[in-house]
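Structure file entry39.txt with compact mmCIF, C-alpha atoms:
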```txt
# COMPACT_ATOMS: atom_id res chain seq x y z
CA MET O 1 -17.31 -10.99 -12.79
CA THR O 2 -15.51 -8.39 -10.73
CA GLY O 3 -15.09 -4.74 -11.61
CA PHE O 4 -11.49 -5.41 -12.59
CA MET O 5 -12.54 -8.16 -15.01
CA ALA O 6 -15.27 -5.97 -16.40
CA SER O 7 -12.78 -3.18 -16.93
CA THR O 8 -10.38 -5.51 -18.70
CA ARG O 9 -13.11 -6.86 -20.96
CA GLU O 10 -14.24 -3.31 -21.69
CA LEU O 11 -10.77 -2.38 -22.87
CA GLN O 12 -10.57 -5.54 -24.94
CA ARG O 13 -13.89 -4.70 -26.55
CA ASP O 14 -12.63 -1.21 -27.36
CA ASP O 15 -9.62 -2.75 -29.05
CA GLY O 16 -12.00 -4.98 -31.02
CA ARG O 17 -14.01 -1.98 -32.16
CA ARG O 18 -10.98 -0.24 -33.53
CA GLY O 19 -9.84 -3.39 -35.32
CA ASP O 20 -13.29 -4.39 -36.56
CA GLY O 21 -14.32 -1.07 -38.01
CA SER O 22 -17.96 -2.13 -38.39
CA PRO O 23 -20.67 0.33 -37.27
CA GLU O 24 -22.19 -2.28 -34.92
CA ALA O 25 -18.86 -2.89 -33.15
CA ALA O 26 -18.48 0.84 -32.47
CA LYS O 27 -21.85 1.19 -30.72
CA PRO O 28 -22.33 1.06 -26.94
CA ARG O 29 -23.81 -2.29 -25.95
CA LEU O 30 -27.26 -2.25 -24.33
CA LEU O 31 -29.01 -5.05 -22.46
CA LEU O 32 -32.76 -4.46 -22.86
CA VAL O 33 -34.94 -6.45 -20.43
CA GLU O 34 -38.70 -6.19 -21.08
CA ASP O 35 -41.34 -8.93 -20.97
CA ASP O 36 -43.85 -6.97 -23.09
CA ASP O 37 -42.93 -8.13 -26.60
CA ALA O 38 -44.55 -5.16 -28.36
CA LEU O 39 -42.83 -2.59 -26.17
CA ARG O 40 -39.49 -4.40 -26.44
CA ARG O 41 -39.69 -4.43 -30.26
CA SER O 42 -40.64 -0.76 -30.26
CA LEU O 43 -37.66 0.13 -28.05
CA VAL O 44 -35.34 -1.88 -30.27
CA ARG O 45 -36.51 0.05 -33.35
CA ILE O 46 -35.94 3.37 -31.60
CA LEU O 47 -32.57 2.54 -30.06
CA ARG O 48 -30.82 0.27 -32.56
CA ARG O 49 -29.27 3.17 -34.48
CA GLU O 50 -27.25 4.17 -31.42
CA TYR O 51 -26.82 0.86 -29.56
CA ALA O 52 -25.87 -2.75 -30.14
CA ILE O 53 -28.81 -4.41 -28.36
CA ASP O 54 -29.10 -7.73 -26.56
CA GLU O 55 -32.70 -8.58 -25.62
CA ALA O 56 -34.09 -10.51 -22.66
CA ALA O 57 -37.75 -11.20 -21.85
CA ASP O 58 -37.27 -12.06 -18.17
CA GLY O 59 -34.80 -11.83 -15.32
CA GLN O 60 -33.33 -15.29 -15.86
CA GLN O 61 -32.45 -14.58 -19.50
CA ALA O 62 -30.93 -11.26 -18.44
CA VAL O 63 -28.66 -12.90 -15.88
CA GLU O 64 -27.49 -15.47 -18.45
CA LYS O 65 -26.52 -12.67 -20.83
CA LEU O 66 -24.75 -10.75 -18.06
CA THR O 67 -22.55 -13.75 -17.34
CA ASN O 68 -21.37 -13.95 -20.94
CA ARG O 69 -20.58 -10.39 -21.93
CA THR O 70 -20.02 -6.86 -20.66
CA PHE O 71 -22.61 -4.15 -21.27
CA ASP O 72 -22.34 -0.38 -21.34
CA VAL O 73 -25.83 0.10 -19.93
CA VAL O 74 -28.82 -1.99 -18.79
CA LEU O 75 -32.44 -0.89 -19.38
CA SER O 76 -34.88 -3.08 -17.49
CA ASP O 77 -38.57 -3.21 -16.62
CA ILE O 78 -39.27 -3.64 -12.90
CA ASN O 79 -42.13 -6.15 -13.15
CA LEU O 80 -40.54 -9.20 -14.77
CA PRO O 81 -41.19 -12.95 -14.77
CA HIS O 82 -38.85 -14.94 -12.50
CA ALA O 83 -37.23 -11.82 -10.99
CA SER O 84 -38.12 -8.18 -10.49
CA GLY O 85 -36.07 -5.38 -11.96
CA VAL O 86 -34.88 -4.58 -8.42
CA ASP O 87 -33.76 -8.22 -8.00
CA LEU O 88 -31.97 -7.96 -11.33
CA LEU O 89 -30.27 -4.76 -10.18
CA ARG O 90 -28.87 -6.63 -7.20
CA LYS O 91 -27.76 -9.49 -9.44
CA VAL O 92 -26.08 -7.20 -11.96
CA ARG O 93 -23.57 -6.20 -9.30
CA ASP O 94 -22.42 -9.80 -8.95
CA TYR O 95 -21.05 -9.49 -12.48
CA ASP O 96 -20.23 -5.85 -13.04
CA LEU O 97 -19.60 -3.06 -10.51
CA ASP O 98 -19.81 -0.18 -12.97
CA VAL O 99 -22.56 -0.78 -15.53
CA PRO O 100 -25.41 1.76 -15.12
CA VAL O 101 -28.89 0.27 -14.67
CA ILE O 102 -32.01 2.20 -15.69
CA LEU O 103 -35.29 0.84 -14.35
CA MET O 104 -38.69 1.50 -15.95
CA THR O 105 -42.22 0.77 -14.80
CA GLY O 106 -45.84 1.49 -15.56
CA GLN O 107 -46.78 1.00 -11.91
CA PRO O 108 -44.54 3.32 -9.93
CA SER O 109 -44.49 3.22 -6.14
CA ILE O 110 -42.55 5.16 -3.57
CA GLU O 111 -41.22 1.93 -2.04
CA THR O 112 -39.85 0.65 -5.34
CA ALA O 113 -38.36 4.02 -6.19
CA ILE O 114 -36.57 4.16 -2.83
CA GLN O 115 -35.27 0.63 -3.32
CA ALA O 116 -34.02 1.46 -6.78
CA VAL O 117 -32.18 4.58 -5.66
CA ASP O 118 -30.77 2.89 -2.56
CA LEU O 119 -29.41 0.01 -4.62
CA GLY O 120 -27.80 2.34 -7.12
CA ALA O 121 -30.15 2.50 -10.10
CA PHE O 122 -28.96 5.23 -12.46
CA THR O 123 -32.49 6.53 -12.87
CA TYR O 124 -36.11 5.44 -12.68
CA LEU O 125 -38.38 5.99 -15.72
CA ARG O 126 -42.16 5.94 -15.69
CA LYS O 127 -44.18 4.48 -18.56
CA PRO O 128 -45.47 5.85 -20.89
CA PHE O 129 -42.22 7.65 -21.57
CA GLU O 130 -41.95 11.32 -22.32
CA ASN O 131 -40.58 12.06 -25.77
CA GLY O 132 -36.83 11.46 -25.84
CA ALA O 133 -36.62 10.48 -22.15
CA VAL O 134 -35.23 6.98 -22.75
CA GLU O 135 -32.66 8.15 -25.30
CA GLN O 136 -31.42 10.94 -23.03
CA ALA O 137 -31.17 8.68 -20.01
CA LEU O 138 -29.31 5.97 -21.94
CA SER O 139 -26.87 8.44 -23.50
CA ARG O 140 -25.89 9.95 -20.18
CA ALA O 141 -25.79 6.59 -18.39
CA SER O 142 -23.51 4.91 -20.94
CA LYS O 143 -21.07 7.82 -20.87
CA LEU O 144 -20.90 7.91 -17.08
CA GLY O 145 -20.57 4.14 -16.97
CA ARG O 146 -17.59 4.31 -19.28
CA LEU O 147 -16.10 7.04 -17.11
CA ALA O 148 -16.48 4.82 -14.04
CA ARG O 149 -14.61 2.01 -15.81
CA ILE O 150 -11.77 4.30 -16.85
CA LYS O 151 -11.52 5.67 -13.31
CA ARG O 152 -11.33 2.17 -11.84
CA GLU O 153 -8.69 1.18 -14.38
CA ALA O 154 -6.66 4.29 -13.57
CA LEU O 155 -6.78 3.53 -9.84
CA THR O 156 -5.67 -0.03 -10.45
CA THR O 157 -2.87 0.95 -12.84
CA GLY O 158 -1.73 3.71 -10.49
CA GLY O 159 -1.06 1.19 -7.77
CA ASP O 160 -3.51 2.61 -5.22
CA GLY O 161 -5.71 -0.47 -5.27
CA ALA O 162 -9.33 -0.71 -6.27
CA ALA O 163 -11.99 1.83 -5.51
CA LEU O 164 -15.02 0.53 -3.69
CA ALA O 165 -18.22 0.36 -5.67
CA GLY O 166 -20.11 3.63 -5.34
CA ASP O 167 -23.63 2.15 -5.10
CA ARG O 168 -25.09 -0.09 -2.45
CA ALA O 169 -25.80 -3.04 -4.74
CA GLY O 170 -22.24 -3.13 -6.07
CA LEU O 171 -20.76 -2.68 -2.62
CA THR O 172 -23.00 -5.41 -1.21
CA ALA O 173 -21.97 -7.89 -3.91
CA SER O 174 -18.26 -7.16 -3.36
CA PHE O 175 -18.60 -7.34 0.42
CA GLU O 176 -20.39 -10.67 0.29
CA ARG O 177 -17.64 -12.09 -1.94
CA ALA O 178 -15.13 -10.79 0.61
CA LEU O 179 -16.98 -12.60 3.40
CA ASP O 180 -17.13 -15.81 1.38
CA THR O 181 -13.39 -15.75 0.67
CA LEU O 182 -12.23 -14.40 4.05
CA TRP O 183 -9.16 -16.03 5.56
CA LEU O 184 -6.68 -15.27 8.32
CA ALA O 185 -2.97 -14.59 8.34
CA PHE O 186 -1.03 -14.92 11.59
CA GLN O 187 1.94 -12.77 12.59
CA PRO O 188 4.11 -13.87 15.54
CA ILE O 189 4.48 -11.82 18.71
CA LEU O 190 7.69 -12.38 20.69
CA ASP O 191 8.65 -12.00 24.32
CA GLY O 192 10.81 -8.89 24.67
CA ARG O 193 13.34 -10.59 26.98
CA THR O 194 13.69 -14.07 25.48
CA GLN O 195 12.60 -13.31 21.89
CA ARG O 196 10.55 -16.49 21.89
CA THR O 197 7.10 -16.63 20.31
CA VAL O 198 4.36 -16.16 22.91
CA GLY O 199 1.44 -15.43 20.62
CA PHE O 200 0.14 -14.28 17.25
CA GLU O 201 -1.99 -11.52 15.81
CA ALA O 202 -4.82 -12.73 13.57
CA LEU O 203 -5.02 -10.50 10.49
CA MET O 204 -8.03 -10.47 8.18
CA ARG O 205 -7.51 -11.18 4.49
CA CYS O 206 -9.83 -11.99 1.56
CA LYS O 207 -9.68 -12.88 -2.13
CA GLU O 208 -12.08 -10.19 -3.37
CA PRO O 209 -10.05 -8.07 -5.86
CA SER O 210 -12.08 -4.91 -5.30
CA MET O 211 -11.19 -5.04 -1.58
CA PRO O 212 -7.44 -5.68 -1.55
CA THR O 213 -6.82 -4.49 2.02
CA PRO O 214 -8.44 -5.10 5.42
CA GLY O 215 -9.21 -1.38 5.52
CA ALA O 216 -11.30 -1.66 2.35
CA VAL O 217 -13.32 -4.54 3.84
CA LEU O 218 -13.87 -2.58 7.05
CA GLU O 219 -14.92 0.50 5.11
CA ALA O 220 -17.47 -1.54 3.18
CA ALA O 221 -18.79 -3.10 6.39
CA GLU O 222 -19.19 0.35 7.91
CA ARG O 223 -20.98 1.74 4.87
CA LEU O 224 -23.33 -1.26 4.77
CA ASP O 225 -23.84 -1.34 8.55
CA ARG O 226 -22.52 -4.92 8.65
CA ILE O 227 -19.66 -4.58 11.13
CA HIS O 228 -21.23 -7.15 13.45
CA GLU O 229 -21.50 -9.70 10.65
CA LEU O 230 -17.88 -9.19 9.64
CA GLY O 231 -16.67 -9.37 13.23
CA ARG O 232 -18.55 -12.61 13.85
CA ARG O 233 -17.07 -14.17 10.73
CA VAL O 234 -13.53 -13.21 11.80
CA ARG O 235 -14.03 -14.51 15.34
CA GLU O 236 -15.40 -17.80 14.03
CA ARG O 237 -12.34 -18.19 11.80
CA VAL O 238 -9.99 -17.46 14.72
CA ALA O 239 -11.71 -19.99 16.97
CA ALA O 240 -11.50 -22.64 14.26
CA SER O 241 -7.86 -21.93 13.35
CA PHE O 242 -5.93 -21.06 16.51
CA VAL O 243 -3.95 -23.69 18.38
CA PRO O 244 -2.06 -22.13 21.34
CA PRO O 245 1.72 -22.44 20.93
CA ALA O 246 1.97 -22.91 24.71
CA PRO O 247 -0.43 -23.25 27.65
CA ASP O 248 -0.29 -19.48 28.10
CA GLY O 249 -0.12 -18.69 24.37
CA MET O 250 -2.01 -15.61 23.15
CA ILE O 251 -3.99 -14.74 20.05
CA PHE O 252 -4.58 -11.03 19.39
CA VAL O 253 -7.90 -10.39 17.61
CA ASN O 254 -8.78 -6.98 16.17
CA LEU O 255 -12.11 -5.59 17.33
CA HIS O 256 -13.88 -2.62 15.76
CA ALA O 257 -15.34 -0.34 18.44
CA ALA O 258 -18.83 -0.94 17.02
CA GLU O 259 -18.49 -4.65 17.82
CA LEU O 260 -18.66 -3.78 21.51
CA SER O 261 -22.42 -3.42 21.00
CA ASP O 262 -22.79 -6.89 19.43
CA PRO O 263 -24.57 -9.25 21.90
CA GLU O 264 -22.86 -12.28 20.34
CA LEU O 265 -19.49 -11.03 21.59
CA TYR O 266 -20.65 -11.52 25.19
CA SER O 267 -22.19 -14.96 24.75
CA ASP O 268 -20.45 -17.81 26.55
CA LYS O 269 -21.70 -20.03 23.72
CA SER O 270 -19.88 -18.12 20.96
CA PRO O 271 -16.95 -19.92 19.30
CA LEU O 272 -14.30 -17.44 20.42
CA SER O 273 -15.42 -17.49 24.06
CA GLN O 274 -14.37 -21.16 24.19
CA ILE O 275 -10.73 -20.04 23.99
CA ALA O 276 -11.24 -16.67 25.70
CA ARG O 277 -8.37 -17.14 28.19
CA HIS O 278 -5.96 -17.11 25.22
CA VAL O 279 -7.57 -14.12 23.48
CA VAL O 280 -6.47 -10.49 23.63
CA LEU O 281 -9.09 -8.27 21.99
CA GLU O 282 -7.39 -5.36 20.22
CA ILE O 283 -9.54 -2.24 20.08
CA THR O 284 -7.95 0.33 17.83
CA GLU O 285 -7.50 3.83 19.19
CA ARG O 286 -8.55 5.04 15.73
CA SER O 287 -12.12 3.88 16.44
CA ALA O 288 -14.73 6.22 17.87
CA LEU O 289 -14.88 4.67 21.34
CA GLU O 290 -16.77 7.70 22.61
CA ASP O 291 -19.76 6.50 20.54
CA VAL O 292 -19.99 3.24 22.50
CA ALA O 293 -22.24 3.36 25.57
CA GLU O 294 -21.29 1.74 28.89
CA THR O 295 -17.72 1.03 27.83
CA ARG O 296 -16.58 0.16 31.35
CA ASP O 297 -19.39 -2.35 31.88
CA ARG O 298 -18.78 -3.94 28.48
CA ALA O 299 -15.08 -4.32 29.22
CA ALA O 300 -15.91 -5.92 32.57
CA ALA O 301 -18.28 -8.39 30.89
CA LEU O 302 -15.56 -9.42 28.44
CA ARG O 303 -13.06 -9.95 31.24
CA LYS O 304 -15.59 -12.11 33.05
CA LEU O 305 -15.57 -14.42 30.03
CA GLY O 306 -11.76 -14.60 30.22
CA TYR O 307 -10.72 -12.10 27.55
CA ARG O 308 -7.97 -9.53 27.96
CA ILE O 309 -8.17 -6.14 26.28
CA ALA O 310 -5.56 -4.22 24.32
CA ILE O 311 -5.55 -0.70 22.97
CA ASP O 312 -4.11 -0.81 19.43
CA ASP O 313 -2.36 1.99 17.51
CA LEU O 314 -1.61 3.98 20.67
CA GLY O 315 -0.23 7.35 19.64
CA ALA O 316 -1.96 7.51 16.26
CA GLY O 317 -5.66 7.56 17.06
CA TYR O 318 -8.48 9.59 18.45
CA ALA O 319 -9.45 7.85 21.67
CA GLY O 320 -9.51 10.21 24.61
CA LEU O 321 -8.37 9.68 28.17
CA THR O 322 -11.89 8.80 29.33
CA SER O 323 -12.24 5.93 26.86
CA PHE O 324 -8.77 4.67 27.72
CA ALA O 325 -9.55 4.75 31.43
CA ASN O 326 -12.90 3.01 30.96
CA LEU O 327 -11.32 0.12 29.07
CA GLU O 328 -8.39 -0.25 31.52
CA PRO O 329 -6.47 -2.40 29.01
CA GLU O 330 -4.07 -5.11 30.09
CA VAL O 331 -2.01 -4.53 26.94
CA VAL O 332 -1.05 -1.44 24.95
CA LYS O 333 0.25 -1.67 21.37
CA LEU O 334 2.45 1.19 20.22
CA ASP O 335 1.60 2.45 16.77
CA MET O 336 4.31 1.51 14.27
CA SER O 337 4.78 5.19 13.38
CA LEU O 338 6.43 5.59 16.80
CA VAL O 339 8.69 2.57 16.24
CA ARG O 340 9.72 3.16 12.64
CA GLY O 341 13.13 4.86 12.56
CA ILE O 342 13.24 5.29 16.34
CA GLU O 343 17.04 4.94 16.36
CA ASP O 344 17.33 8.23 14.48
CA SER O 345 14.58 10.12 16.30
CA PRO O 346 15.16 11.37 19.87
CA VAL O 347 11.53 12.58 19.91
CA ARG O 348 10.13 9.12 19.12
CA TYR O 349 12.51 7.59 21.65
CA ARG O 350 11.33 9.90 24.45
CA ILE O 351 7.65 9.29 23.59
CA VAL O 352 8.04 5.50 23.62
CA GLU O 353 10.11 5.70 26.80
CA GLY O 354 7.42 7.78 28.51
CA ILE O 355 4.58 5.49 27.39
CA THR O 356 6.48 2.37 28.45
CA ASP O 357 7.30 3.75 31.91
CA LEU O 358 3.70 4.86 32.50
CA CYS O 359 2.23 1.56 31.32
CA ARG O 360 4.64 -0.35 33.52
CA SER O 361 3.50 1.69 36.53
CA LEU O 362 -0.12 0.80 35.63
CA SER O 363 0.72 -2.92 35.24
CA MET O 364 0.02 -2.79 31.52
CA LYS O 365 2.12 -4.75 29.02
CA VAL O 366 3.53 -2.91 26.00
CA VAL O 367 3.77 -4.34 22.48
CA ALA O 368 6.09 -2.59 20.02
CA GLU O 369 4.81 -3.38 16.55
CA GLY O 370 6.24 -2.59 13.14
CA ILE O 371 9.85 -3.53 13.96
CA GLU O 372 11.63 -4.08 10.65
CA THR O 373 15.32 -3.43 11.26
CA LEU O 374 17.98 -4.44 13.78
CA PRO O 375 18.61 -0.80 14.87
CA GLU O 376 14.89 -0.45 15.66
CA PHE O 377 15.03 -3.73 17.56
CA ASP O 378 18.06 -2.61 19.58
CA GLN O 379 16.39 0.65 20.64
CA ILE O 380 13.14 -1.09 21.60
CA GLN O 381 15.07 -3.62 23.66
CA GLN O 382 16.77 -0.80 25.57
CA LEU O 383 13.36 0.65 26.38
CA GLY O 384 12.16 -2.65 27.82
CA CYS O 385 8.98 -3.23 25.79
CA ASP O 386 7.31 -6.45 26.91
CA TYR O 387 6.43 -7.84 23.48
CA LEU O 388 7.81 -7.43 19.96
CA GLN O 389 6.10 -7.67 16.58
CA GLY O 390 7.19 -6.87 13.03
CA TYR O 391 8.62 -8.14 9.77
CA LEU O 392 12.03 -8.59 11.41
CA PHE O 393 10.59 -11.55 13.31
CA GLY O 394 8.06 -12.86 10.83
CA ARG O 395 5.58 -11.79 8.18
CA PRO O 396 1.89 -12.73 8.38
CA LYS O 397 1.28 -16.29 7.12
CA ARG O 398 -1.66 -18.65 6.89
CA ALA O 399 0.03 -21.14 9.20
CA LEU O 400 0.93 -20.45 12.82
CA VAL O 401 4.70 -20.12 12.41
CA ALA O 402 6.87 -19.08 15.35
CA GLY O 403 8.93 -15.92 14.95
CA THR O 404 12.71 -15.75 14.65
CA GLN O 405 14.67 -15.80 17.89
CA ARG O 406 16.97 -12.74 18.12
CA ALA O 407 18.62 -13.29 21.48
```
In structure tokens, write the structure found in this file.
Amino acid sequence: MTGFMASTRELQRDDGRRGDGSPEAAKPRLLLVEDDDALRRSLVRILRREYAIDEAADGQQAVEKLTNRTFDVVLSDINLPHASGVDLLRKVRDYDLDVPVILMTGQPSIETAIQAVDLGAFTYLRKPFENGAVEQALSRASKLGRLARIKREALTTGGDGAALAGDRAGLTASFERALDTLWLAFQPILDGRTQRTVGFEALMRCKEPSMPTPGAVLEAAERLDRIHELGRRVRERVAASFVPPAPDGMIFVNLHAAELSDPELYSDKSPLSQIARHVVLEITERSALEDVAETRDRAAALRKLGYRIAIDDLGAGYAGLTSFANLEPEVVKLDMSLVRGIEDSPVRYRIVEGITDLCRSLSMKVVAEGIETLPEFDQIQQLGCDYLQGYLFGRPKRALVAGTQRA
């Protein structure tokens, strides 16, 4: 269950509480996971006045309960049959991004404590408990968990998309669902003179609701240090999906700067290298290229495999002259902020004119992206950009569909 679903069910349960009116319906719901029967019964006696309690004696029972209802807080022992409390913490995030998890143990270790904190446990209690410690931890956890749900609901309702899970376990679960449901959309790129389709840009998409944009997926990959894994998955999808529209047809593939350090990118056995002569690797100027060692040598190795290199988002990023010179791109993509409304902006016009003239003198091709209107198209044509891209010619689609001819 995603965070959105959990939030919806939480609101539904609140509605049920108001309609039900029973004391039990008004209580926060607690999942108590403890294999020691005597301790579990003792905790139930202490906590049942304040919480509606579901009990589980092992990790498997706990997971079954998590799949069938939403909880306000989870209190779990670490040493459990069938699954540890840390394993359960990871599993919880497959079903609910926001529920706080409190772990307890009679055999504390630094390693387990670090794991628990890293994976987003709300707190870590040592048995035997100090007087009132469990009650205080549960009270604070359930309130903050409810706050997290309200915040997520507000972000969704406000139209800004979903917030990424704040803890590593939740983020990992969401990211893995994004990887499992990843697919590609293709947007046509047209020749600036003939307005015929000469290539496509492959754009990452997924079906994970908590990551509604490519930027959210990339942010999660960065936070989890899984950029290489994401990049490999995208490149595999491109290699499996792309059929060149012509013998010299191109496919533009976005490349995070950190992927330049992935050995798989340089393997002549990798799926994408099999169609390398058709591939233009787009490295965004927003990436920290200065953090990548031996940029010139890496670019040379990619060209040896047959790839061409493009600088994306030129005019909107942070890449310095040194990084640009080291990459020596064959293609430059103008950031859409320079193209949007160019017919009414002499400043934008002069900037694009200057970039186009300089790139032409350096034998670099220029792509104007983000073209949405005929006036923008007319101005870009006057400036002689080599390639055109934007909603005016075609929106991203699953299928490779040629753009609209404008000549």
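When all atoms listed in the file are used to measure the gap to O:Arg168, the shortest distance among O:Asp58, O:Glu64, O:Asp94, O:Glu264 belongs to O:Asp94.
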Open item on the list: List as a count of residues only the residues having at least one atom at most 7 Å from position (-21.9, 1.1, -14.3) as given in the file, counting all atoms listed in the file.
Closed with: 7
Open item on the list: Measuring between only C-alpha atoms, which one of O:Tyr349, O:Phe200, O:Tyr266, O:Phe122 shows the shortest distance to O:Val280?
Closed with: O:Phe200
Which residues are close to O:Arg395, i.e. within 12 Å by all atoms listed in the file, leaving aside same-chain residues fewer than 3 positions away? Reply as an mmCIF file with C-alpha atoms, in the coordinates of the input.
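Saved file part14.cif follows:
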```cif
data_model
loop_
_atom_site.group_PDB
_atom_site.id
_atom_site.type_symbol
_atom_site.label_atom_id
_atom_site.label_comp_id
_atom_site.auth_asym_id
_atom_site.auth_seq_id
_atom_site.Cartn_x
_atom_site.Cartn_y
_atom_site.Cartn_z
ATOM 1 C CA ALA O 185 -2.970 -14.590 8.340
ATOM 2 C CA PHE O 186 -1.030 -14.920 11.590
ATOM 3 C CA GLN O 187 1.940 -12.770 12.590
ATOM 4 C CA PRO O 188 4.110 -13.870 15.540
ATOM 5 C CA ILE O 189 4.480 -11.820 18.710
ATOM 6 C CA PHE O 200 0.140 -14.280 17.250
ATOM 7 C CA GLU O 201 -1.990 -11.520 15.810
ATOM 8 C CA ALA O 202 -4.820 -12.730 13.570
ATOM 9 C CA LEU O 203 -5.020 -10.500 10.490
ATOM 10 C CA GLU O 369 4.810 -3.380 16.550
ATOM 11 C CA GLY O 370 6.240 -2.590 13.140
ATOM 12 C CA ILE O 371 9.850 -3.530 13.960
ATOM 13 C CA GLU O 372 11.630 -4.080 10.650
ATOM 14 C CA GLN O 389 6.100 -7.670 16.580
ATOM 15 C CA GLY O 390 7.190 -6.870 13.030
ATOM 16 C CA TYR O 391 8.620 -8.140 9.770
ATOM 17 C CA LEU O 392 12.030 -8.590 11.410
ATOM 18 C CA ARG O 398 -1.660 -18.650 6.890
ATOM 19 C CA ALA O 399 0.030 -21.140 9.200
ATOM 20 C CA LEU O 400 0.930 -20.450 12.820
ATOM 21 C CA VAL O 401 4.700 -20.120 12.410
ATOM 22 C CA ALA O 402 6.870 -19.080 15.350
ATOM 23 C CA GLY O 403 8.930 -15.920 14.950
ATOM 24 C CA THR O 404 12.710 -15.750 14.650
#
```
Open item on the list: Could you list, as a VMD selection string, every residue within 12 Å of O:Ala133, counting only C-alpha atoms and ignoring same-chain residues fewer than 3 positions away?
Closed with: chain O and resid 43 46 to 47 102 104 123 to 130 136 to 140
Open item on the list: Between O:Glu135, O:Asp35, O:Asp313, O:Asp297, which residue has the minimum interatomic distance to O:Asp77, considering all atoms listed in the file?
Closed with: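 Nearest to O:Asp77: O:Asp35.
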Task: Closest of O:Lys333, O:Thr172, O:Ala57, O:His82 to O:Ala38 - atom-to-atom distances counting only C-alpha atoms - done: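 When distances to O:Ala38 are compared using only C-alpha atoms, the smallest one comes from O:Ala57.
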Give the centre and edge lengths of an axis-aligned box, in Å to one decimal, that holds all listed atoms of stretch 49-52 of chain O with 8 Å on each side, as lines of an AutoDock Vina configuration file.
```
center_x = -27.6
center_y = 0.7
center_z = -32.0
size_x = 19.4
size_y = 22.9
size_z = 20.9
```
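Counting all atoms listed in the file, the residue from O:Ile351, O:Val74, O:Leu32, O:Ala178 that sits nearest to O:Asp54 is O:Leu32.
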- [ ] List every protein, DNA or RNA residue with an atom no more than 10 Å from (-18.5, -6.1, -1.3) in the file's coordinates, counting only C-alpha atoms, and format the result as a VMD selection string.
- [x] chain O and resid 93 to 94 97 164 to 165 168 to 179 208 to 211 216 to 217 219 to 221 224
Open item on the list: To one decimal place in Å, what is the distance between atom CA of O:Leu383 and atom CA of O:Arg350?
Closed with: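 Computed distance, atom CA of O:Leu383 to atom CA of O:Arg350, equals 9.7 Å.
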Task: 10 Å contact set for O:Ile275, only C-alpha atoms, chain neighbours under 3 positions out, as number ranges by chain - done: O: 238-239, 242-244, 250-251, 270-272, 278-279, 305-307
